[in-house]
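Just below is one structure, and these are the notes that go with it.
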Amino acid sequence: MVIYNPHSTGDGPGNGEQLRAQLAQRLPATVVQLAQTQHAGHAVELAERAVSEHPATLVVSASGDGGYHEVVNGVMRARRRVPGAGVCAVLASGNANDHATAVQERPLVEAIVAGTVSQMDLLEVLIDGQEPRYAHSYVGLGITPVVAVEFNQHDLDAVKESLLALRSVWRYRPFTITHDGHRIQLDSLVFANIDRMAKYATLSQESSPTDGTYETLLIRHRSKLKLLASVLRLVRGTHEVISREEPYAFTTATPMPVQMDGEVHQVETGVEVVVSCAPAAVSVIR
């Protein structure tokens, strides 16, 4: 099943049709169904239903990172009832396409024909005891995802990069969490499963979605000038990150948006959030 958003920035429908035509030539016995989403969250429902009904289904997201986020979560929902069911893949059709750029090793049609399935880690996010949510690439709070979204909307050179970072920093206000009994005021907190965010921000050259760990980037609240320097270090891949295996738990002291693969989820005050690595949680073709 190829799932696409007809209103996304890329050509999801065209890419999906092209993939179906290519597979008809290479694997003529393969049945390829195209399904378009009709509302936010619909890809979760489509992927869950497809895998629940046919556990061997490969679900392809012809989208960017946000569409793939929904597909992965749909497959993970189905896996609660049918362990090990479903395989995921992304056909890059968005703006940033961070995940595809970071992990895809060959054209998707070649990967499907080869039929090699591997296991990929996910970031598991528990928000106040709700149903787990999974991120394939990153979970971000604070200025880092704000700058990432801003960068995604422009073709950058060094001057534009610095001006956009300056504008984002000037407008930004910090947020506060409680972690390990300490109240901390932060400008950014990012958990990463891959090495980049929004095409331009390099989180860690060592990050891999198959190593059973995740990277943490934390920027404490500081002056605007120091924050700008931190943002530019992040863009250039020189900011310090910490690799973790154990979960990171915190409680929100103010309402705040949490971005998961670019999808925004609003979290209220006093909510406990736990981020952890789910090793080898999902089967993928890449």
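To be explicit about the labels: the chains of the structure tokens are called A, B, and onward in the order shown, and within each one the residues are counted from 1, while ligands get numbers from 1 in the order they are shown.
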Excluding region 80-93 of chain A and residues on its chain fewer than 6 positions from it, collect all residues at most 7 Å away from it, counting only C-alpha atoms, and give them as a PDB file with N, CA and C atoms, in the first residue's frame.
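Output contents, as saved in around_37.pdb:
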```pdb
ATOM      1  N   GLY A  10       5.214  18.020  -1.873  1.00  0.00           N
ATOM      2  CA  GLY A  10       5.823  17.246  -2.953  1.00  0.00           C
ATOM      3  C   GLY A  10       4.771  16.548  -3.806  1.00  0.00           C
ATOM      4  N   ASP A  11       5.244  15.800  -4.800  1.00  0.00           N
ATOM      5  CA  ASP A  11       4.338  15.105  -5.714  1.00  0.00           C
ATOM      6  C   ASP A  11       4.116  13.677  -5.238  1.00  0.00           C
ATOM      7  N   GLY A  12       3.442  13.525  -4.091  1.00  0.00           N
ATOM      8  CA  GLY A  12       3.151  12.203  -3.566  1.00  0.00           C
ATOM      9  C   GLY A  12       2.352  11.345  -4.526  1.00  0.00           C
ATOM     10  N   VAL A  51      -2.276  -3.334   7.745  1.00  0.00           N
ATOM     11  CA  VAL A  51      -1.395  -4.319   8.375  1.00  0.00           C
ATOM     12  C   VAL A  51      -2.184  -5.280   9.250  1.00  0.00           C
ATOM     13  N   SER A  52      -3.244  -4.785   9.896  1.00  0.00           N
ATOM     14  CA  SER A  52      -4.072  -5.668  10.716  1.00  0.00           C
ATOM     15  C   SER A  52      -4.758  -6.726   9.858  1.00  0.00           C
ATOM     16  N   PRO A  55      -0.965  -8.984   7.539  1.00  0.00           N
ATOM     17  CA  PRO A  55       0.257  -8.701   8.305  1.00  0.00           C
ATOM     18  C   PRO A  55       1.536  -8.613   7.470  1.00  0.00           C
ATOM     19  N   ALA A  56       1.528  -9.175   6.246  1.00  0.00           N
ATOM     20  CA  ALA A  56       2.739  -9.119   5.422  1.00  0.00           C
ATOM     21  C   ALA A  56       2.808  -7.857   4.559  1.00  0.00           C
ATOM     22  N   THR A  57       1.890  -6.911   4.755  1.00  0.00           N
ATOM     23  CA  THR A  57       1.825  -5.710   3.918  1.00  0.00           C
ATOM     24  C   THR A  57       3.046  -4.813   4.106  1.00  0.00           C
ATOM     25  N   LEU A  58       3.584  -4.328   2.979  1.00  0.00           N
ATOM     26  CA  LEU A  58       4.572  -3.254   2.989  1.00  0.00           C
ATOM     27  C   LEU A  58       3.807  -1.947   2.818  1.00  0.00           C
ATOM     28  N   VAL A  59       3.931  -1.043   3.790  1.00  0.00           N
ATOM     29  CA  VAL A  59       3.245   0.249   3.729  1.00  0.00           C
ATOM     30  C   VAL A  59       4.276   1.313   3.381  1.00  0.00           C
ATOM     31  N   VAL A  60       4.099   1.945   2.233  1.00  0.00           N
ATOM     32  CA  VAL A  60       5.012   2.978   1.751  1.00  0.00           C
ATOM     33  C   VAL A  60       4.359   4.335   1.936  1.00  0.00           C
ATOM     34  N   SER A  61       5.084   5.258   2.528  1.00  0.00           N
ATOM     35  CA  SER A  61       4.608   6.629   2.666  1.00  0.00           C
ATOM     36  C   SER A  61       5.224   7.481   1.567  1.00  0.00           C
ATOM     37  N   ALA A  62       4.416   7.893   0.584  1.00  0.00           N
ATOM     38  CA  ALA A  62       4.878   8.795  -0.463  1.00  0.00           C
ATOM     39  C   ALA A  62       4.673  10.216   0.062  1.00  0.00           C
ATOM     40  N   SER A  63       5.624  10.669   0.868  1.00  0.00           N
ATOM     41  CA  SER A  63       5.430  11.911   1.624  1.00  0.00           C
ATOM     42  C   SER A  63       6.772  12.393   2.142  1.00  0.00           C
ATOM     43  N   GLY A  64       6.696  13.381   3.027  1.00  0.00           N
ATOM     44  CA  GLY A  64       7.867  13.810   3.770  1.00  0.00           C
ATOM     45  C   GLY A  64       7.902  13.127   5.124  1.00  0.00           C
ATOM     46  N   TYR A  68       5.373  10.079   6.914  1.00  0.00           N
ATOM     47  CA  TYR A  68       5.996   8.816   7.321  1.00  0.00           C
ATOM     48  C   TYR A  68       5.801   8.592   8.822  1.00  0.00           C
ATOM     49  N   VAL A  72       4.336   5.065  10.289  1.00  0.00           N
ATOM     50  CA  VAL A  72       5.048   4.279  11.298  1.00  0.00           C
ATOM     51  C   VAL A  72       4.156   4.046  12.517  1.00  0.00           C
ATOM     52  N   ALA A 100      14.616   9.951   4.813  1.00  0.00           N
ATOM     53  CA  ALA A 100      15.046   9.283   3.587  1.00  0.00           C
ATOM     54  C   ALA A 100      16.492   9.619   3.258  1.00  0.00           C
ATOM     55  N   LEU A 108      14.084   3.358  -3.880  1.00  0.00           N
ATOM     56  CA  LEU A 108      13.154   2.490  -3.176  1.00  0.00           C
ATOM     57  C   LEU A 108      12.742   1.294  -4.012  1.00  0.00           C
ATOM     58  N   SER A 283      10.034  -2.955  11.315  1.00  0.00           N
ATOM     59  CA  SER A 283      10.693  -3.536  10.147  1.00  0.00           C
ATOM     60  C   SER A 283      10.615  -2.533   8.991  1.00  0.00           C
ATOM     61  N   VAL A 284      11.726  -2.385   8.266  1.00  0.00           N
ATOM     62  CA  VAL A 284      11.779  -1.396   7.185  1.00  0.00           C
ATOM     63  C   VAL A 284      12.497  -1.978   5.970  1.00  0.00           C
ATOM     64  N   ILE A 285      12.195  -1.387   4.831  1.00  0.00           N
ATOM     65  CA  ILE A 285      12.956  -1.621   3.608  1.00  0.00           C
ATOM     66  C   ILE A 285      13.563  -0.291   3.222  1.00  0.00           C
ATOM     67  N   ARG A 286      14.882  -0.285   2.984  1.00  0.00           N
ATOM     68  CA  ARG A 286      15.544   0.982   2.647  1.00  0.00           C
ATOM     69  C   ARG A 286      16.745   0.750   1.737  1.00  0.00           C
TER      70      ARG A 286
END
```
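Closest approach to His54 (chain A) among A:Val71, A:Cys277, A:Met1, A:Ala24 is made by A:Met1 (distances from only C-alpha atoms).
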Report task. Excluding region 113-130 of chain A and any residue of its chain fewer than 4 positions from it, enumerate the residues within 9 Å of it, using only C-alpha atoms, and give them as an NGL selection string. Result -> :A and (23 or 26-27 or 87 or 108-109 or 134-139 or 191-193 or 208-214 or 267 or 271-286)
Report summary line: Counting only C-alpha atoms, the residue among A:Leu141, A:Leu34, A:Val2, A:Ile177 that lies closest to Thr254 (chain A) is A:Ile177
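Take the candidates A:Ile3, A:Ile194, A:Ala29, A:Ala249 and check each one against His182 (chain A) using only C-alpha atoms; the shortest distance goes to A:Ala249.
Minimum distance to Met260 (chain A) across A:Arg49, A:His7, A:Arg233, A:Arg133 (counting only C-alpha atoms) occurs at A:Arg133.
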Query raised in the report: Residues at most 9 Å from Arg220 (chain A), counting only C-alpha atoms, excluding those fewer than 6 positions away in the same chain, as a PyMOL selection string?
Result: chain A and resi 174+184-189+227
Output file for the selection above: all heavy atoms, as a short mmCIF file (atom, residue, chain, number, x, y, z; two decimals), in the first residue's frame:
```
data_model
loop_
_atom_site.label_atom_id
_atom_site.label_comp_id
_atom_site.auth_asym_id
_atom_site.auth_seq_id
_atom_site.Cartn_x
_atom_site.Cartn_y
_atom_site.Cartn_z
N PRO A 174 12.13 31.17 26.33
CA PRO A 174 12.52 29.86 26.87
C PRO A 174 11.35 29.10 27.48
O PRO A 174 10.25 29.64 27.66
CB PRO A 174 13.54 30.23 27.95
CG PRO A 174 13.15 31.59 28.39
CD PRO A 174 12.65 32.28 27.14
N ILE A 184 14.62 23.27 35.43
CA ILE A 184 15.61 23.72 34.45
C ILE A 184 14.93 24.61 33.42
O ILE A 184 13.89 24.24 32.85
CB ILE A 184 16.26 22.53 33.72
CG1 ILE A 184 16.72 21.45 34.70
CG2 ILE A 184 17.44 23.00 32.87
CD1 ILE A 184 17.15 20.16 34.00
N GLN A 185 15.52 25.76 33.17
CA GLN A 185 15.02 26.64 32.10
C GLN A 185 15.88 26.39 30.85
O GLN A 185 17.11 26.48 30.90
CB GLN A 185 15.10 28.10 32.52
CG GLN A 185 14.27 29.02 31.64
CD GLN A 185 14.18 30.44 32.19
OE1 GLN A 185 15.13 30.96 32.75
NE2 GLN A 185 13.02 31.07 32.00
N LEU A 186 15.21 26.07 29.75
CA LEU A 186 15.91 25.64 28.55
C LEU A 186 15.53 26.48 27.34
O LEU A 186 14.44 27.06 27.28
CB LEU A 186 15.58 24.17 28.23
CG LEU A 186 15.97 23.11 29.27
CD1 LEU A 186 15.42 21.75 28.85
CD2 LEU A 186 17.47 23.06 29.44
N ASP A 187 16.44 26.51 26.38
CA ASP A 187 16.13 27.07 25.07
C ASP A 187 15.86 25.98 24.05
O ASP A 187 15.17 26.22 23.07
CB ASP A 187 17.29 27.95 24.58
CG ASP A 187 17.37 29.27 25.33
OD1 ASP A 187 16.31 29.82 25.67
OD2 ASP A 187 18.49 29.74 25.59
N SER A 188 16.40 24.78 24.29
CA SER A 188 16.16 23.69 23.34
C SER A 188 16.41 22.35 24.00
O SER A 188 17.30 22.21 24.85
CB SER A 188 17.07 23.83 22.11
OG SER A 188 16.73 22.86 21.14
N LEU A 189 15.63 21.36 23.60
CA LEU A 189 15.83 19.97 24.04
C LEU A 189 15.42 19.09 22.87
O LEU A 189 14.26 19.11 22.43
CB LEU A 189 14.98 19.67 25.27
CG LEU A 189 15.08 18.25 25.84
CD1 LEU A 189 16.50 17.92 26.26
CD2 LEU A 189 14.13 18.08 27.03
N LEU A 227 22.79 32.13 22.67
CA LEU A 227 21.85 31.22 22.03
C LEU A 227 22.06 31.20 20.52
O LEU A 227 22.04 30.13 19.89
CB LEU A 227 20.41 31.62 22.35
CG LEU A 227 19.30 30.81 21.68
CD1 LEU A 227 19.46 29.32 21.98
CD2 LEU A 227 17.93 31.32 22.12
#
```
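The smallest atom-to-atom distance between Thr178 (chain A) and any of A:Val241, A:Leu225, A:Phe250, A:Val190, using only C-alpha atoms, is found for A:Phe250.
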Report task. List every residue of region 89-126 of chain A that DSSP, applied to the backbone of this structure, assigns to helix (DSSP H, G or I), and report them as a PyMOL selection string. Result -> chain A and resi 98-103+108-114
Limited to all heavy atoms, could you put the picked residues into a file as a short mmCIF file (atom, residue, chain, number, x, y, z; two decimals), in the first residue's frame?
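Output file out36.cif is given in full below:
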```cif
data_model
loop_
_atom_site.label_atom_id
_atom_site.label_comp_id
_atom_site.auth_asym_id
_atom_site.auth_seq_id
_atom_site.Cartn_x
_atom_site.Cartn_y
_atom_site.Cartn_z
N ASP A 98 14.22 14.39 5.66
CA ASP A 98 15.39 14.08 6.49
C ASP A 98 15.61 12.59 6.63
O ASP A 98 16.74 12.11 6.53
CB ASP A 98 15.22 14.69 7.89
CG ASP A 98 15.32 16.21 7.88
OD1 ASP A 98 16.03 16.74 7.01
OD2 ASP A 98 14.67 16.85 8.71
N HIS A 99 14.55 11.87 6.92
CA HIS A 99 14.72 10.45 7.19
C HIS A 99 15.23 9.70 5.96
O HIS A 99 16.17 8.92 6.04
CB HIS A 99 13.40 9.83 7.68
CG HIS A 99 13.58 8.46 8.22
ND1 HIS A 99 13.97 8.22 9.52
CD2 HIS A 99 13.50 7.23 7.64
CE1 HIS A 99 14.08 6.92 9.71
NE2 HIS A 99 13.80 6.30 8.58
N ALA A 100 14.62 9.95 4.81
CA ALA A 100 15.05 9.28 3.59
C ALA A 100 16.49 9.62 3.26
O ALA A 100 17.29 8.76 2.88
CB ALA A 100 14.13 9.66 2.43
N THR A 101 16.86 10.89 3.42
CA THR A 101 18.23 11.31 3.14
C THR A 101 19.23 10.63 4.06
O THR A 101 20.33 10.24 3.65
CB THR A 101 18.36 12.84 3.28
OG1 THR A 101 17.43 13.46 2.39
CG2 THR A 101 19.77 13.31 2.95
N ALA A 102 18.83 10.46 5.32
CA ALA A 102 19.76 9.91 6.31
C ALA A 102 19.93 8.40 6.21
O ALA A 102 21.02 7.89 6.46
CB ALA A 102 19.28 10.27 7.73
N VAL A 103 18.87 7.68 5.84
CA VAL A 103 18.94 6.22 5.96
C VAL A 103 18.77 5.46 4.65
O VAL A 103 19.13 4.29 4.58
CB VAL A 103 17.90 5.70 6.98
CG1 VAL A 103 18.02 6.41 8.30
CG2 VAL A 103 16.48 5.82 6.45
N LEU A 108 14.08 3.36 -3.88
CA LEU A 108 13.15 2.49 -3.18
C LEU A 108 12.74 1.29 -4.01
O LEU A 108 12.61 0.18 -3.49
CB LEU A 108 11.91 3.28 -2.74
CG LEU A 108 10.87 2.48 -1.95
CD1 LEU A 108 11.48 1.87 -0.69
CD2 LEU A 108 9.68 3.35 -1.60
N VAL A 109 12.54 1.48 -5.32
CA VAL A 109 12.13 0.35 -6.14
C VAL A 109 13.18 -0.75 -6.10
O VAL A 109 12.85 -1.95 -6.06
CB VAL A 109 11.81 0.79 -7.59
CG1 VAL A 109 13.07 1.31 -8.29
CG2 VAL A 109 11.17 -0.35 -8.37
N GLU A 110 14.45 -0.38 -6.08
CA GLU A 110 15.53 -1.37 -6.01
C GLU A 110 15.50 -2.09 -4.67
O GLU A 110 15.72 -3.31 -4.59
CB GLU A 110 16.89 -0.71 -6.23
CG GLU A 110 17.05 0.00 -7.56
CD GLU A 110 16.96 -0.96 -8.74
OE1 GLU A 110 17.27 -2.15 -8.57
OE2 GLU A 110 16.57 -0.50 -9.84
N ALA A 111 15.24 -1.35 -3.61
CA ALA A 111 15.18 -1.96 -2.28
C ALA A 111 14.02 -2.95 -2.17
O ALA A 111 14.14 -4.02 -1.58
CB ALA A 111 15.06 -0.87 -1.21
N ILE A 112 12.87 -2.59 -2.77
CA ILE A 112 11.71 -3.48 -2.72
C ILE A 112 11.97 -4.74 -3.53
O ILE A 112 11.65 -5.86 -3.10
CB ILE A 112 10.45 -2.75 -3.22
CG1 ILE A 112 10.07 -1.63 -2.25
CG2 ILE A 112 9.29 -3.73 -3.38
CD1 ILE A 112 8.94 -0.75 -2.74
N VAL A 113 12.56 -4.60 -4.70
CA VAL A 113 12.87 -5.76 -5.53
C VAL A 113 13.85 -6.68 -4.81
O VAL A 113 13.71 -7.91 -4.82
CB VAL A 113 13.44 -5.31 -6.90
CG1 VAL A 113 13.99 -6.52 -7.67
CG2 VAL A 113 12.36 -4.62 -7.72
N ALA A 114 14.85 -6.09 -4.14
CA ALA A 114 15.81 -6.90 -3.39
C ALA A 114 15.13 -7.60 -2.22
O ALA A 114 15.52 -8.72 -1.84
CB ALA A 114 16.96 -6.03 -2.90
#
```
Query - Selection: 7 Å around Gly66 (chain A), only C-alpha atoms, excl. self and same-chain fewer than 5 positions, as a list of chain:residue names - result: A:Asp261, A:Gly262, A:Glu263
For the selection you just gave me, I'd like the residues written to a file as a PDB file, in the first residue's frame, keeping N, CA and C atoms.
```pdb
ATOM      1  N   ASP A 261       9.097  14.460  14.436  1.00  0.00           N
ATOM      2  CA  ASP A 261       9.282  14.354  12.985  1.00  0.00           C
ATOM      3  C   ASP A 261       8.591  15.502  12.254  1.00  0.00           C
ATOM      4  N   GLY A 262       8.548  16.670  12.902  1.00  0.00           N
ATOM      5  CA  GLY A 262       7.921  17.841  12.296  1.00  0.00           C
ATOM      6  C   GLY A 262       6.450  17.998  12.600  1.00  0.00           C
ATOM      7  N   GLU A 263       5.810  16.960  13.144  1.00  0.00           N
ATOM      8  CA  GLU A 263       4.406  17.038  13.538  1.00  0.00           C
ATOM      9  C   GLU A 263       4.319  17.637  14.944  1.00  0.00           C
TER      10      GLU A 263
END
```
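From CA of Val258 (chain A) back to CA of Tyr4 (chain A), the distance works out to 23.9 Å.
Minimum atom-to-atom distance to Leu228 (chain A), evaluated using only C-alpha atoms, belongs to A:Tyr172 out of A:Tyr172, A:Gly74, A:Ser207, A:Gln266.
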